[in-house]
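For reference, the structure is listed below as structure tokens.
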Amino acid sequence: MIIQTKGITKIYNPNKIPVNALNGVDLQIEEGEFTAIVGPSGSGKTTLLNIIGGLDQATQGEVLIKGENISKMPDNQLIDFRKNNIGFVFQAYNLIPVLTAKENVGFVMLLQNRSKEERDQRVLELLQSVGLEDKVNKRPSELSGGQQQRVAVARALAPKPAFILADEPTANLDSVSTNNLLDIMARLNEEEKMTFIFSTHDQRVIDRARRVITLVDGKIASDQVKS
Amino acid sequence: MAWRNIWRNKRRTLITAASILFAVLFASLMESLQKGGWNNMINNVVSFYMGYAQIHQKGYWEEQSIDKAFEWKPQLVKTIESPREVIRALPRLESFALAASDDLNSGALVVGIDPKLENEMTKLEDRLVEGTYLQEDEKAALIGAGVAERLKLNINDTLVLISQGYRGVNAADLFPVKGIVKFGSPELNKSIVYLPLKNAQNFYGAEGLITSISLQIEDKDRVEAATESLRSQLDTMAYEIMDWQQLMPDLLQAKALDSAGNYIVYFILYMIIGFGIFGTILMMTKEREYEFGVLTAIGMKRRSLMATIWIEVMLLGIVGAIAGVLASIPVVSYFKYNPIRFSGEYAGMLEKYGFEPIFPALFDVKIFVAQAIIVFVLTSLLGLYPWWKIRKLKPVEAMRS
């Protein structure tokens, strides 16, 4: 098991007007899953992803990644843990505007103090795998939305994380770009056994996912594994 | 990455760098004009009249009495001119007198001089605005432009001098006005009367005596060395050796007071500059909060992020400060060679207090560099704001902004 959550509860504004975003979510995710977390707006999808990714803290409950409890980790240790274990793909791509595609992909590896040779080799492999080997020296402003999101996927994969969390990764993409991106992610999942967890509204993502977890009012309403 | 970030928003960068540039320029210009004005005034009094150091009989300076006159001996001249810093020694007999014309009178500072030596050191002849220069032993006077104006005297008119001479003798005599001189210092202009030394000695009944020896020194910065050397060679129980700072404590106090007033102006200037720079840093921090959130989310330590942003601010500070120094050079040079001249009421007010209403800028690279360092330090302190912001940053909230 790669991810396990135990009774995750998240209450926003506990001292003012409390909003219960998550109500005791218990979840296990195995290595190599291709899972979509779906649900209406405000159901707690992004909050759950943020807590699993160590970007936010649960009010109650625990998150175990590869058996390690990240809920009480000190800030610096948690940043290091995220850097080495979790890849993020955001809805708005969030590439660093002053860096080229190659530099963006290699950035986290640079933070990991990997050698230049190792970085260059892996970055090139990753950009080839997302079909952007001809855009290595382009800055984000010179790339389309779909291309930027593919660079973001390559960036998330670069540090060889345990899994990738993708928050509404197709929300800003057209159909062609969405299909391209999903093809790439599905291939990486099948060939490299990379675990992907999406939060999404997009039916095309839901259709490609092998497991669909539906959240309603901060609780798991259904957990469906496709055959 | 920091360097690239600087050029990400060119307009913002240029505005910030320009505000730092103008800060350095204004502060440098202000300090250069202030110091230049004072140097000009000190030069007017020191180089063109007082000398960088003087030797008197012990106790003369406190009493300023002709009774403290002493003998001008060749052996003394030899001793005084022996330190290599001393170029020449000028004997003077100075005292006060009542100067009068037909029906006007005024207090005057009467100075007996060796016309040739005096001209070599103070270029007194160049200060003539009317008439001709004094010759040794002739009975004639050079008067300040202010004295001429007050007593309504012209060339060849008769100047009456009345005073008490050496050891109480009566001193009264008539001198034809041979020339009128004008000094930068209004104080000197309205009181000075020059006589050839022998005439002055006759007038005061002080044959062979002088009250002071003004020293011409090769370099202003060598004054201390020269006076130290003289103290070791002269009998300090008989003579007092004073440098220009001891001779003019009032001027130095006024300079210190003026500098203190200027510190308040600098403080206000730095506050204005600081708010300008802070505004830009605040805007930059706010604009990039989302990006900071992303960077910490993907694993960049806060410490590294803080350092990157601080380096950005530092680079901006360095670029602005260097540009400020480069911009200061031609501007200050211009005001050095084209001094600001006040006229009208303000000039009158300055003259009333004994200041020449001319402010040439002092060209001293140290001023520019010091101002650049101050503005740079100010910028680097303001650059700590993003530190504080990043320290408190929560990635989720930042990415939601």
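Labels for the structure tokens follow display order: chains A, B, ..., residues from 1 in each chain, ligands from 1.
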Per residue of stretch 36-138 of chain A within 10 Å of stretch 1-8 of chain B, record the nearest atom pair and its distance in Å to one decimal, counting only C-alpha atoms, with rows in chain order and ascending residue number, as JSON lines.
```
{"residue": "A:Ile96", "atom": "CA", "partner": "B:Met1", "partner_atom": "CA", "distance": 9.5}
{"residue": "A:Pro97", "atom": "CA", "partner": "B:Arg8", "partner_atom": "CA", "distance": 8.2}
{"residue": "A:Val98", "atom": "CA", "partner": "B:Arg4", "partner_atom": "CA", "distance": 5.9}
{"residue": "A:Leu99", "atom": "CA", "partner": "B:Met1", "partner_atom": "CA", "distance": 7.4}
```
Counting only C-alpha atoms, collect the residues of chain B whose closest atom lies at most 8 Å from chain A, and write them out as a PyMOL selection string. chain B and resi 1+4-5+8+291+294+296-301+394-396
Pull the strand (DSSP E) assignments for stretch 11-209 of chain A out of DSSP run on the backbone, and list those residues as a ChimeraX atom specification. /A:11-12,19-29,34-38,60-65,68-69,86-89,163-167,195-199
Residue set, stretch 124-157 of chain A restricted to alpha helix (DSSP H), as a list in words: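 For stretch 124-157 of chain A, the alpha helix (DSSP H) set is Leu124, Glu125, Leu126, Leu127, Gln128, Ser129, Gly145, Gly146, Gln147, Gln148, Gln149, Arg150, Val151, Ala152, Val153, Ala154, Arg155, Ala156 and Leu157 of chain A.
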Write the selection just made, keeping N, CA and C atoms, as a PDB file, in the first residue's frame?
```
ATOM      1  N   LEU A 124      15.720  14.904 -20.754  1.00  0.00           N
ATOM      2  CA  LEU A 124      15.523  14.632 -22.181  1.00  0.00           C
ATOM      3  C   LEU A 124      14.601  13.429 -22.391  1.00  0.00           C
ATOM      4  N   GLU A 125      14.833  12.394 -21.595  1.00  0.00           N
ATOM      5  CA  GLU A 125      13.976  11.200 -21.676  1.00  0.00           C
ATOM      6  C   GLU A 125      12.518  11.570 -21.405  1.00  0.00           C
ATOM      7  N   LEU A 126      12.320  12.361 -20.356  1.00  0.00           N
ATOM      8  CA  LEU A 126      10.950  12.713 -19.963  1.00  0.00           C
ATOM      9  C   LEU A 126      10.271  13.592 -21.008  1.00  0.00           C
ATOM     10  N   LEU A 127      11.036  14.559 -21.526  1.00  0.00           N
ATOM     11  CA  LEU A 127      10.427  15.429 -22.539  1.00  0.00           C
ATOM     12  C   LEU A 127      10.128  14.640 -23.814  1.00  0.00           C
ATOM     13  N   GLN A 128      10.965  13.647 -24.097  1.00  0.00           N
ATOM     14  CA  GLN A 128      10.665  12.760 -25.242  1.00  0.00           C
ATOM     15  C   GLN A 128       9.396  11.959 -24.968  1.00  0.00           C
ATOM     16  N   SER A 129       9.281  11.477 -23.736  1.00  0.00           N
ATOM     17  CA  SER A 129       8.124  10.632 -23.416  1.00  0.00           C
ATOM     18  C   SER A 129       6.814  11.413 -23.436  1.00  0.00           C
ATOM     19  N   GLY A 145      -1.273  25.603 -23.818  1.00  0.00           N
ATOM     20  CA  GLY A 145      -1.713  25.084 -22.525  1.00  0.00           C
ATOM     21  C   GLY A 145      -1.445  23.597 -22.394  1.00  0.00           C
ATOM     22  N   GLY A 146      -1.739  22.854 -23.454  1.00  0.00           N
ATOM     23  CA  GLY A 146      -1.542  21.409 -23.433  1.00  0.00           C
ATOM     24  C   GLY A 146      -0.071  21.060 -23.288  1.00  0.00           C
ATOM     25  N   GLN A 147       0.758  21.815 -24.026  1.00  0.00           N
ATOM     26  CA  GLN A 147       2.212  21.559 -23.948  1.00  0.00           C
ATOM     27  C   GLN A 147       2.736  21.883 -22.548  1.00  0.00           C
ATOM     28  N   GLN A 148       2.230  22.978 -21.975  1.00  0.00           N
ATOM     29  CA  GLN A 148       2.673  23.344 -20.617  1.00  0.00           C
ATOM     30  C   GLN A 148       2.294  22.250 -19.625  1.00  0.00           C
ATOM     31  N   GLN A 149       1.069  21.678 -19.806  1.00  0.00           N
ATOM     32  CA  GLN A 149       0.647  20.650 -18.855  1.00  0.00           C
ATOM     33  C   GLN A 149       1.481  19.379 -19.028  1.00  0.00           C
ATOM     34  N   ARG A 150       1.927  19.134 -20.257  1.00  0.00           N
ATOM     35  CA  ARG A 150       2.793  17.958 -20.473  1.00  0.00           C
ATOM     36  C   ARG A 150       4.162  18.190 -19.818  1.00  0.00           C
ATOM     37  N   VAL A 151       4.640  19.431 -19.905  1.00  0.00           N
ATOM     38  CA  VAL A 151       5.902  19.755 -19.212  1.00  0.00           C
ATOM     39  C   VAL A 151       5.695  19.560 -17.704  1.00  0.00           C
ATOM     40  N   ALA A 152       4.504  19.972 -17.202  1.00  0.00           N
ATOM     41  CA  ALA A 152       4.215  19.827 -15.769  1.00  0.00           C
ATOM     42  C   ALA A 152       4.219  18.355 -15.359  1.00  0.00           C
ATOM     43  N   VAL A 153       3.704  17.486 -16.242  1.00  0.00           N
ATOM     44  CA  VAL A 153       3.714  16.046 -15.952  1.00  0.00           C
ATOM     45  C   VAL A 153       5.165  15.557 -15.911  1.00  0.00           C
ATOM     46  N   ALA A 154       5.962  15.992 -16.899  1.00  0.00           N
ATOM     47  CA  ALA A 154       7.376  15.592 -16.932  1.00  0.00           C
ATOM     48  C   ALA A 154       8.087  16.069 -15.671  1.00  0.00           C
ATOM     49  N   ARG A 155       7.754  17.288 -15.245  1.00  0.00           N
ATOM     50  CA  ARG A 155       8.369  17.832 -14.027  1.00  0.00           C
ATOM     51  C   ARG A 155       7.988  16.982 -12.810  1.00  0.00           C
ATOM     52  N   ALA A 156       6.696  16.598 -12.758  1.00  0.00           N
ATOM     53  CA  ALA A 156       6.237  15.797 -11.621  1.00  0.00           C
ATOM     54  C   ALA A 156       6.949  14.444 -11.577  1.00  0.00           C
ATOM     55  N   LEU A 157       7.273  13.907 -12.776  1.00  0.00           N
ATOM     56  CA  LEU A 157       7.912  12.587 -12.835  1.00  0.00           C
ATOM     57  C   LEU A 157       9.424  12.639 -12.568  1.00  0.00           C
TER      58      LEU A 157
END
```
